[in-house]
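File shown: entry.cif. Contents: mmCIF, C-alpha atoms.
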data_run
loop_
_atom_site.label_atom_id
_atom_site.label_comp_id
_atom_site.auth_asym_id
_atom_site.auth_seq_id
_atom_site.Cartn_x
_atom_site.Cartn_y
_atom_site.Cartn_z
CA MET O 1232 8.58 145.54 9.85
CA GLU O 1233 10.31 144.84 13.16
CA LEU O 1234 9.09 144.74 16.73
CA ALA O 1235 11.13 147.34 18.61
CA LEU O 1236 11.50 145.99 22.14
CA SER O 1237 11.76 148.16 25.20
CA PRO O 1238 14.81 147.47 27.41
CA ALA O 1239 12.54 145.58 29.83
CA ASP O 1240 11.04 143.41 27.08
CA ALA O 1241 14.48 142.77 25.58
CA ALA O 1242 15.65 141.61 29.00
CA PHE O 1243 12.61 139.35 29.21
CA ARG O 1244 13.46 137.84 25.82
CA ASP O 1245 16.99 137.10 27.02
CA GLU O 1246 15.59 135.56 30.20
CA VAL O 1247 13.33 133.24 28.18
CA ARG O 1248 16.22 132.16 25.95
CA ALA O 1249 18.43 131.40 28.94
CA PHE O 1250 15.66 129.52 30.75
CA ILE O 1251 15.03 127.28 27.74
CA LYS O 1252 18.74 126.61 27.29
CA ASP O 1253 19.22 125.68 30.95
CA ASN O 1254 15.99 123.79 31.63
CA TYR O 1255 14.52 122.11 28.54
CA PRO O 1256 14.80 118.33 29.11
CA ALA O 1257 17.26 116.63 26.77
CA GLU O 1258 15.03 113.54 26.50
CA MET O 1259 12.32 115.68 24.87
CA ARG O 1260 14.52 116.67 21.93
CA VAL O 1261 13.22 114.01 19.56
CA PRO O 1262 12.03 114.36 15.94
CA ASN O 1263 8.29 114.14 16.65
CA PRO O 1264 7.47 114.71 20.33
CA GLU O 1265 3.74 114.02 19.88
CA THR O 1266 4.43 110.42 18.86
CA ASP O 1267 7.98 109.69 20.06
CA LEU O 1268 7.45 110.46 23.75
CA THR O 1269 5.46 108.79 26.50
CA LYS O 1270 2.78 110.71 28.38
CA GLU O 1271 5.12 111.25 31.34
CA GLN O 1272 7.93 112.50 29.10
CA MET O 1273 5.57 114.96 27.38
CA LEU O 1274 4.64 116.38 30.77
CA LEU O 1275 8.24 117.14 31.82
CA TRP O 1276 8.45 120.58 30.21
CA HIS O 1277 4.85 121.37 31.13
CA ARG O 1278 5.67 120.87 34.81
CA ILE O 1279 8.89 122.89 34.57
CA LEU O 1280 6.98 125.81 33.05
CA ALA O 1281 4.21 125.43 35.62
CA GLU O 1282 6.71 125.68 38.47
CA LYS O 1283 8.21 128.77 36.83
CA GLY O 1284 4.74 130.32 36.45
CA TRP O 1285 5.01 130.44 32.64
CA ILE O 1286 2.70 127.60 31.65
CA ALA O 1287 -0.30 129.71 30.59
CA PRO O 1288 0.80 132.93 28.80
CA LEU O 1289 -2.75 133.81 27.73
CA TRP O 1290 -4.30 133.43 31.19
CA PRO O 1291 -5.02 136.40 33.47
CA LYS O 1292 -2.98 136.54 36.65
CA GLU O 1293 -6.06 135.93 38.82
CA TYR O 1294 -6.40 132.44 37.37
CA GLY O 1295 -2.74 131.48 37.54
CA GLY O 1296 -1.33 133.09 34.41
CA PRO O 1297 1.80 135.26 34.41
CA GLY O 1298 -0.12 138.44 33.64
CA TRP O 1299 2.06 139.26 30.64
CA SER O 1300 1.42 142.00 28.12
CA ILE O 1301 0.52 140.97 24.56
CA THR O 1302 4.07 141.82 23.52
CA ARG O 1303 5.55 139.45 26.11
CA ARG O 1304 3.17 136.69 25.10
CA PHE O 1305 4.40 137.15 21.54
CA ILE O 1306 8.06 137.10 22.63
CA PHE O 1307 7.53 133.91 24.65
CA GLU O 1308 5.79 132.14 21.76
CA GLN O 1309 8.48 133.20 19.29
CA GLU O 1310 11.38 132.11 21.49
CA THR O 1311 9.88 128.73 22.44
CA THR O 1312 8.93 127.83 18.86
CA ARG O 1313 12.28 128.94 17.48
CA ALA O 1314 14.00 126.79 20.10
CA GLY O 1315 11.87 123.81 19.14
CA THR O 1316 10.40 123.20 22.58
CA MET O 1317 7.19 121.23 22.89
CA PRO O 1318 4.35 123.67 23.63
CA PRO O 1319 2.23 123.34 26.78
CA LEU O 1320 -0.67 120.91 26.46
CA ALA O 1321 -2.65 122.86 23.88
CA PHE O 1322 -6.08 121.33 24.45
CA SER O 1323 -5.72 121.93 28.17
CA VAL O 1324 -3.98 125.31 28.44
CA THR O 1325 -4.76 127.12 25.18
CA MET O 1326 -8.27 125.82 24.51
CA VAL O 1327 -10.44 124.53 27.35
CA GLY O 1328 -8.75 126.56 30.11
CA PRO O 1329 -9.75 129.96 28.67
CA VAL O 1330 -13.28 128.67 28.01
CA ILE O 1331 -13.60 127.61 31.66
CA TYR O 1332 -12.29 130.85 33.17
CA THR O 1333 -14.32 132.97 30.73
CA PHE O 1334 -17.66 131.14 30.73
CA GLY O 1335 -17.49 128.61 33.59
CA ASN O 1336 -18.86 129.08 37.09
CA ASP O 1337 -16.78 129.46 40.24
CA ALA O 1338 -17.00 125.77 41.15
CA GLN O 1339 -15.74 124.74 37.70
CA LYS O 1340 -12.87 127.23 37.85
CA LYS O 1341 -11.86 125.95 41.27
CA GLN O 1342 -12.06 122.29 40.22
CA PHE O 1343 -10.39 122.38 36.82
CA LEU O 1344 -8.04 125.36 36.40
CA PRO O 1345 -5.38 124.40 39.00
CA ARG O 1346 -5.20 120.85 37.61
CA ILE O 1347 -4.80 122.16 34.06
CA LEU O 1348 -1.90 124.36 35.15
CA SER O 1349 -0.15 121.57 37.06
CA GLY O 1350 -0.63 118.99 34.29
CA GLU O 1351 -2.62 116.69 36.61
CA ASP O 1352 -5.46 116.68 34.08
CA TRP O 1353 -4.77 116.04 30.40
CA TRP O 1354 -7.57 117.21 28.11
CA CYS O 1355 -8.58 116.25 24.58
CA GLN O 1356 -11.05 117.87 22.19
CA GLY O 1357 -14.39 116.28 21.24
CA TYR O 1358 -15.41 118.41 18.27
CA SER O 1359 -15.07 116.50 14.98
CA GLU O 1360 -17.38 113.62 14.11
CA PRO O 1361 -17.70 111.41 11.03
CA GLY O 1362 -19.35 113.80 8.59
CA SER O 1363 -19.01 116.81 10.93
CA GLY O 1364 -15.49 118.16 10.77
CA SER O 1365 -15.12 121.74 9.60
CA ASP O 1366 -18.92 122.09 9.63
CA LEU O 1367 -19.24 121.69 13.39
CA ALA O 1368 -22.82 122.97 13.42
CA THR O 1369 -23.90 119.54 12.16
CA VAL O 1370 -22.65 117.57 15.19
CA ARG O 1371 -24.90 114.61 15.97
CA THR O 1372 -23.61 113.45 19.37
CA LYS O 1373 -26.68 113.77 21.62
CA ALA O 1374 -26.97 114.69 25.28
CA VAL O 1375 -30.39 114.03 26.82
CA ARG O 1376 -31.20 115.45 30.26
CA ASP O 1377 -32.04 112.76 32.82
CA GLY O 1378 -32.46 114.32 36.26
CA ASP O 1379 -29.13 115.70 37.43
CA HIS O 1380 -27.22 114.06 34.55
CA TYR O 1381 -26.98 114.18 30.79
CA VAL O 1382 -26.93 110.85 28.95
CA VAL O 1383 -24.50 111.19 26.04
CA ASN O 1384 -24.39 109.02 22.91
CA GLY O 1385 -22.23 109.64 19.88
CA HIS O 1386 -18.92 109.23 18.10
CA LYS O 1387 -16.03 111.73 18.02
CA THR O 1388 -13.11 111.21 15.66
CA TRP O 1389 -9.58 112.45 14.92
CA THR O 1390 -9.30 113.08 18.66
CA THR O 1391 -5.65 113.99 19.19
CA LEU O 1392 -3.84 112.09 21.98
CA ALA O 1393 -7.11 110.88 23.50
CA GLN O 1394 -5.20 107.77 24.58
CA HIS O 1395 -3.52 109.95 27.24
CA ALA O 1396 -6.50 112.11 28.20
CA ASP O 1397 -8.19 112.32 31.60
CA TRP O 1398 -10.99 114.59 30.35
CA ILE O 1399 -12.62 115.52 27.04
CA PHE O 1400 -14.52 118.72 26.26
CA CYS O 1401 -17.35 117.95 23.86
CA LEU O 1402 -19.82 119.68 21.64
CA VAL O 1403 -23.13 117.84 22.06
CA ARG O 1404 -26.61 118.40 20.67
CA THR O 1405 -29.07 119.15 23.45
CA ASP O 1406 -31.94 120.53 21.34
CA PRO O 1407 -32.41 118.62 18.07
CA ALA O 1408 -35.39 120.80 17.12
CA ALA O 1409 -33.42 124.07 17.20
CA LYS O 1410 -31.40 125.59 14.37
CA PRO O 1411 -28.04 123.78 14.08
CA GLN O 1412 -25.93 126.38 15.90
CA SER O 1413 -28.62 127.03 18.50
CA GLY O 1414 -29.02 123.50 19.84
CA ILE O 1415 -25.43 122.73 20.85
CA SER O 1416 -23.98 122.62 24.37
CA PHE O 1417 -20.42 122.43 25.74
CA LEU O 1418 -19.88 119.48 28.13
CA LEU O 1419 -16.87 118.36 30.17
CA ILE O 1420 -16.66 114.55 30.31
CA ASP O 1421 -14.44 112.36 32.49
CA MET O 1422 -12.69 109.86 30.20
CA LYS O 1423 -12.96 107.23 32.94
CA SER O 1424 -16.76 107.33 32.78
CA PRO O 1425 -18.46 104.03 31.91
CA GLY O 1426 -19.34 103.98 28.22
CA VAL O 1427 -16.30 105.94 26.97
CA THR O 1428 -14.19 103.89 24.54
CA VAL O 1429 -11.02 105.08 22.79
CA ARG O 1430 -9.94 103.30 19.60
CA PRO O 1431 -6.61 104.21 17.97
CA ILE O 1432 -6.35 105.47 14.41
CA ILE O 1433 -2.95 104.72 12.86
CA THR O 1434 -2.18 107.47 10.37
CA ILE O 1435 -0.40 107.21 7.02
CA ASP O 1436 2.97 108.00 8.63
CA GLY O 1437 2.60 104.95 10.89
CA SER O 1438 2.05 106.87 14.13
CA HIS O 1439 -0.68 106.76 16.77
CA GLU O 1440 -1.61 110.37 17.37
CA VAL O 1441 -5.36 110.44 16.73
CA ASN O 1442 -8.29 108.31 17.85
CA ASP O 1443 -11.96 107.50 17.62
CA VAL O 1444 -13.89 108.17 20.83
CA PHE O 1445 -17.20 106.35 21.29
CA LEU O 1446 -19.73 107.57 23.86
CA GLU O 1447 -22.40 105.02 24.76
CA ASN O 1448 -24.95 106.01 27.40
CA VAL O 1449 -22.31 108.05 29.23
CA ARG O 1450 -23.79 109.76 32.28
CA VAL O 1451 -22.37 113.26 32.75
CA PRO O 1452 -23.28 115.39 35.78
CA VAL O 1453 -25.21 118.54 34.88
CA GLU O 1454 -22.63 120.60 36.76
CA ASN O 1455 -20.17 119.73 33.96
CA LEU O 1456 -22.12 121.92 31.54
CA ILE O 1457 -20.19 125.08 30.64
CA GLY O 1458 -22.34 128.21 30.64
CA GLU O 1459 -25.90 127.84 29.42
CA GLU O 1460 -27.52 124.89 27.70
CA ASN O 1461 -27.75 125.35 23.91
CA LYS O 1462 -25.17 128.18 23.98
CA GLY O 1463 -22.19 125.94 23.20
CA TRP O 1464 -21.67 127.37 19.73
CA THR O 1465 -20.64 130.68 21.28
CA TYR O 1466 -18.03 128.96 23.46
CA ALA O 1467 -16.83 126.80 20.56
CA LYS O 1468 -16.16 129.85 18.37
CA PHE O 1469 -14.28 131.53 21.20
CA LEU O 1470 -12.07 128.44 21.58
CA LEU O 1471 -11.39 128.11 17.84
CA GLY O 1472 -10.27 131.74 17.68
CA ASN O 1473 -7.56 130.98 20.24
CA GLU O 1474 -6.56 127.80 18.39
CA ARG O 1475 -6.25 129.35 14.95
CA THR O 1476 -4.34 132.44 16.09
CA SER O 1477 -1.54 130.16 17.29
CA MET O 1478 -1.21 128.43 13.91
CA ALA O 1479 1.02 130.98 12.16
CA GLY O 1480 4.02 128.99 13.43
CA ILE O 1481 6.68 131.56 12.45
CA GLY O 1482 9.28 130.14 14.81
CA ARG O 1483 8.71 126.57 13.67
CA SER O 1484 8.87 127.49 9.98
CA THR O 1485 12.05 129.54 10.50
CA ARG O 1486 13.68 126.62 12.29
CA TYR O 1487 12.78 124.18 9.52
CA ILE O 1488 14.00 126.54 6.79
CA GLU O 1489 17.43 126.68 8.41
CA ARG O 1490 17.42 122.87 8.56
CA LEU O 1491 16.38 122.73 4.88
CA LYS O 1492 19.29 124.97 3.86
CA LYS O 1493 21.77 122.62 5.56
CA ILE O 1494 20.21 119.60 3.87
CA VAL O 1495 20.38 121.19 0.42
CA LYS O 1496 24.03 122.10 1.00
CA ALA O 1497 24.84 118.52 2.05
CA GLU O 1498 22.77 116.69 -0.57
CA ILE O 1499 22.93 118.74 -3.79
CA PRO O 1500 26.25 119.85 -5.36
CA GLU O 1501 26.40 123.52 -6.27
CA ASP O 1502 27.13 122.68 -9.93
CA ASP O 1503 23.91 120.64 -10.15
CA PRO O 1504 21.12 122.66 -11.88
CA ALA O 1505 18.76 121.43 -9.16
CA HIS O 1506 20.81 123.37 -6.57
CA LEU O 1507 19.83 126.75 -8.06
CA GLU O 1508 16.21 125.61 -8.31
CA PHE O 1509 16.17 124.75 -4.60
CA ILE O 1510 17.80 128.07 -3.68
CA ARG O 1511 15.02 129.88 -5.56
CA ASP O 1512 12.31 127.79 -3.89
CA ILE O 1513 13.80 128.40 -0.44
CA ALA O 1514 13.96 132.14 -1.14
CA ARG O 1515 10.27 132.13 -2.08
CA VAL O 1516 9.21 130.33 1.10
CA GLU O 1517 11.44 132.60 3.21
CA LEU O 1518 9.64 135.60 1.73
CA ASP O 1519 6.33 133.97 2.62
CA VAL O 1520 7.49 133.55 6.22
CA LEU O 1521 8.71 137.16 6.40
CA ALA O 1522 5.40 138.43 5.02
CA LEU O 1523 3.44 136.34 7.51
CA GLU O 1524 5.68 137.54 10.35
CA ALA O 1525 5.15 141.17 9.35
CA THR O 1526 1.40 140.59 9.36
CA GLU O 1527 1.61 138.94 12.76
CA LEU O 1528 3.61 141.88 14.13
CA ARG O 1529 0.98 144.32 12.85
CA VAL O 1530 -1.76 142.29 14.55
CA VAL O 1531 0.26 142.15 17.79
CA ALA O 1532 0.64 145.94 17.66
CA GLN O 1533 -3.11 146.33 17.09
CA MET O 1534 -3.99 143.97 19.92
CA ALA O 1535 -1.64 145.88 22.24
CA ARG O 1536 -3.79 148.96 21.49
CA GLY O 1537 -6.99 147.04 22.22
CA ILE O 1538 -8.00 146.45 18.59
CA ASP O 1539 -9.67 143.10 17.86
CA PRO O 1540 -7.70 141.10 15.25
CA GLY O 1541 -10.93 140.05 13.49
CA PRO O 1542 -10.42 137.52 10.68
CA ALA O 1543 -6.64 137.56 11.12
CA ALA O 1544 -6.91 134.22 12.94
CA SER O 1545 -8.19 132.64 9.72
CA LEU O 1546 -5.40 134.24 7.70
CA PHE O 1547 -2.73 132.93 10.10
CA LYS O 1548 -4.25 129.47 9.94
CA ILE O 1549 -4.24 129.39 6.13
CA ARG O 1550 -0.81 130.84 5.44
CA GLY O 1551 0.95 129.33 8.44
CA THR O 1552 -0.11 125.80 7.59
CA GLU O 1553 0.50 126.13 3.85
CA VAL O 1554 3.97 127.57 4.35
CA PHE O 1555 4.98 124.74 6.65
CA GLN O 1556 3.63 122.16 4.20
CA ASN O 1557 5.76 123.75 1.47
CA ILE O 1558 8.85 123.52 3.69
CA THR O 1559 8.31 119.82 4.45
CA GLU O 1560 7.74 119.11 0.76
CA LEU O 1561 10.98 120.88 -0.23
CA THR O 1562 12.84 119.00 2.52
CA HIS O 1563 11.49 115.67 1.32
CA ARG O 1564 12.55 116.44 -2.25
CA ALA O 1565 16.02 117.63 -1.21
CA ILE O 1566 16.82 114.45 0.72
CA GLY O 1567 15.88 112.22 -2.20
CA ASN O 1568 15.89 108.45 -1.85
CA ASP O 1569 17.19 108.53 1.74
CA GLY O 1570 13.96 110.24 2.75
CA LEU O 1571 11.66 107.52 1.47
CA ALA O 1572 11.84 105.21 4.48
CA ILE O 1573 9.19 105.30 7.22
CA ARG O 1574 10.34 104.63 10.76
CA GLU O 1575 9.01 101.70 12.69
CA HIS O 1576 6.58 102.53 15.49
CA PRO O 1577 7.12 102.38 18.35
CA VAL O 1578 10.33 104.30 17.76
CA SER O 1579 12.17 101.99 20.14
CA ALA O 1580 12.01 99.26 17.49
CA ASN O 1581 15.54 98.04 16.82
CA ARG O 1582 15.63 98.56 13.06
CA PHE O 1583 18.48 99.93 10.95
CA MET O 1584 17.63 103.11 9.03
CA PRO O 1585 19.89 103.87 6.03
CA GLY O 1586 21.17 107.33 5.19
CA PRO O 1587 21.67 110.47 7.30
CA ASP O 1588 19.62 111.08 10.44
CA TYR O 1589 17.70 113.97 8.92
CA GLY O 1590 16.27 111.58 6.33
CA HIS O 1591 14.81 109.21 8.89
CA THR O 1592 11.75 111.35 9.59
CA ALA O 1593 11.41 113.28 6.31
CA SER O 1594 8.57 111.17 4.90
CA GLU O 1595 6.92 110.99 8.30
CA LYS O 1596 6.97 114.77 8.69
CA TYR O 1597 5.84 115.37 5.12
CA LEU O 1598 2.89 112.99 5.41
CA ASN O 1599 1.89 114.15 8.89
CA SER O 1600 1.92 117.82 7.87
CA ARG O 1601 -0.79 117.20 5.24
CA LYS O 1602 -3.32 117.38 8.09
CA LEU O 1603 -2.41 120.98 8.96
CA SER O 1604 -4.65 122.50 6.30
CA ILE O 1605 -7.59 120.35 7.48
CA TYR O 1606 -7.73 120.47 11.28
CA GLY O 1607 -8.77 123.53 13.26
CA GLY O 1608 -11.27 124.28 10.50
CA SER O 1609 -10.14 123.44 6.98
CA ASN O 1610 -8.40 126.14 4.96
CA GLU O 1611 -11.35 126.18 2.55
CA ILE O 1612 -13.63 127.11 5.45
CA GLN O 1613 -11.17 129.80 6.57
CA ARG O 1614 -11.20 131.33 3.09
CA ASN O 1615 -14.99 131.48 3.27
CA ILE O 1616 -14.71 133.30 6.61
CA ILE O 1617 -12.33 135.85 5.12
CA ALA O 1618 -14.53 136.26 2.03
CA LYS O 1619 -17.53 137.01 4.21
CA ALA O 1620 -15.85 139.12 6.92
CA VAL O 1621 -13.44 141.12 4.74
CA LEU O 1622 -14.84 141.14 1.21
CA GLY O 1623 -18.52 141.04 2.15
CA LEU O 1624 -19.21 138.18 -0.26
#
Give the structure from this file in structure tokens form.
Amino acid sequence: MELALSPADAAFRDEVRAFIKDNYPAEMRVPNPETDLTKEQMLLWHRILAEKGWIAPLWPKEYGGPGWSITRRFIFEQETTRAGTMPPLAFSVTMVGPVIYTFGNDAQKKQFLPRILSGEDWWCQGYSEPGSGSDLATVRTKAVRDGDHYVVNGHKTWTTLAQHADWIFCLVRTDPAAKPQSGISFLLIDMKSPGVTVRPIITIDGSHEVNDVFLENVRVPVENLIGEENKGWTYAKFLLGNERTSMAGIGRSTRYIERLKKIVKAEIPEDDPAHLEFIRDIARVELDVLALEATELRVVAQMARGIDPGPAASLFKIRGTEVFQNITELTHRAIGNDGLAIREHPVSANRFMPGPDYGHTASEKYLNSRKLSIYGGSNEIQRNIIAKAVLGL
């Protein structure tokens, strides 16, 4: 299945390609932007897109979005991921922004949306807790009303890039007596508030990407409550739908498959029996990507006709993450011993790395990609959603 573009959409695709080629900062082309770049470097492309008016493809024009059709959103996502550009700040633009303009009041929209678009405010996500990851209905962080403030106490974990964040959007329990999903609220918390502590978590690949966030008697103004008290579960599900739909990662997987082919050609002689085995494995994963892309195109076509994608978000999350994990595993195997080293962090450390450049981050990428099937709602949870919504089990 192919997406037949109108002449206008084809021209838009060419415009996006040319804009990326001419404007993407060279200093951002590093192996792992999330951990190799400083906060200011990560914001370079965000600000370029903001100036162009392309920073928030999903947003309606009235709130600062480009007002694109679903087809153009799809084209933009495909072209940017295939080019390997760093996406806009996901927790800011893709997640909390749509929650604010959909469920927030006018004062909240006026305060937060322009600063999200400009990159002035960097947001992180306060969902997961120790013991409450995929099962978010069991969150234990409490918010107790005290006059015109909530007093928040709790512990959020695996909080991505919280070390850079200005704000955190949190699920908090405001009614402990209610049913789990019914007693949760959605709060916006200034990271500079007294009582907020960020502690780094160094992951198995040696990088600092995630954190613990401790909230101790943090006073949050009541006006930072999104929507109604105890209705946060509704807003959380809305946000997670946006997050999971973007996890198919067709462009990223296609880019890494092409890289894998070059590595196999360089590392494994054609007369080696392992060469044919790799060719077969690559063919299988390419077919997986093509099948996922065809499914995504069907969903795009449905959405363009106003049809809700339903549980497709869960399907994209499962297959997109598993396919990319398979690609990183094949890459790691193809490189062999040269892929066993782990880079020093920070990456500026003056240490010699043996072997070809593509081997320097193979283990790092392989290990880091293990998280993909866990965050955003584990793949086991997504299968349960599909079983219930599609199969009626």
Anything within 12 Å of (11.8, 128.0, 38.5): list those residues as a PyMOL selection string, counting all atoms listed in the file and sticking to the file's coordinates. chain O and resi 1246-1247+1250-1251+1253-1255+1276+1278-1286
Work out how far apart atom CA of Arg1430 of chain O and atom CA of Glu1611 of chain O are and give it in Å to one decimal. 28.6 Å
May I have the residues at most 7 Å from (7.2, 129.8, 2.6) in the file's coordinates, counting only C-alpha atoms, as a list in words? Arg1515, Val1516, Glu1517, Leu1518, Asp1519, Val1520, Val1554, Phe1555, Asn1557 and Ile1558 of chain O
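Distance-wise, atom CA of Arg1244 of chain O and atom CA of Gly1537 of chain O end up 22.7 Å apart.
Nearest to Thr1465 of chain O of all the residues O:Asn1384, O:Thr1369, O:Ser1416, O:Thr1526 is O:Ser1416, based on only C-alpha atoms.
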Taking into account only C-alpha atoms, which residue in the set O:Pro1452, O:Glu1553, O:Gly1480, O:Ala1565 is nearest to Ile1499 of chain O?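 Looking at the shortest contact to Ile1499 of chain O, the residue is O:Ala1565.
With only C-alpha atoms as the atoms that count, the minimum distance from Leu1528 of chain O to the choices O:Glu1460, O:Lys1373, O:Trp1290, O:Thr1302 is reached by O:Thr1302.
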Excluding Ile1612 of chain O and residues on its chain fewer than 2 positions from it, collect all residues at most 12 Å away from it, counting all atoms listed in the file, and give them as a list of chain:residue names. O:Gly1364, O:Ser1365, O:Asp1366, O:Leu1367, O:Ser1545, O:Leu1546, O:Lys1548, O:Ile1549, O:Ser1604, O:Ile1605, O:Tyr1606, O:Gly1607, O:Gly1608, O:Ser1609, O:Asn1610, O:Arg1614, O:Asn1615, O:Ile1616, O:Ile1617, O:Ala1618, O:Lys1619
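Here atom CA of Leu1268 of chain O and atom CA of Ile1432 of chain O stand 17.4 Å from one another.
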Selected residue of minimal separation from His1563 of chain O among O:Gln1533, O:Ser1300, O:Thr1405, O:Ser1600, counting only C-alpha atoms: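 Closest candidate: O:Ser1600.
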Of the residues O:Met1259, O:Val1444, O:Ala1479, O:Leu1571, which is the one nearest to Arg1550 of chain O, using only C-alpha atoms?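 Looking only at the distances to Arg1550 of chain O, the closest residue turns out to be O:Ala1479.
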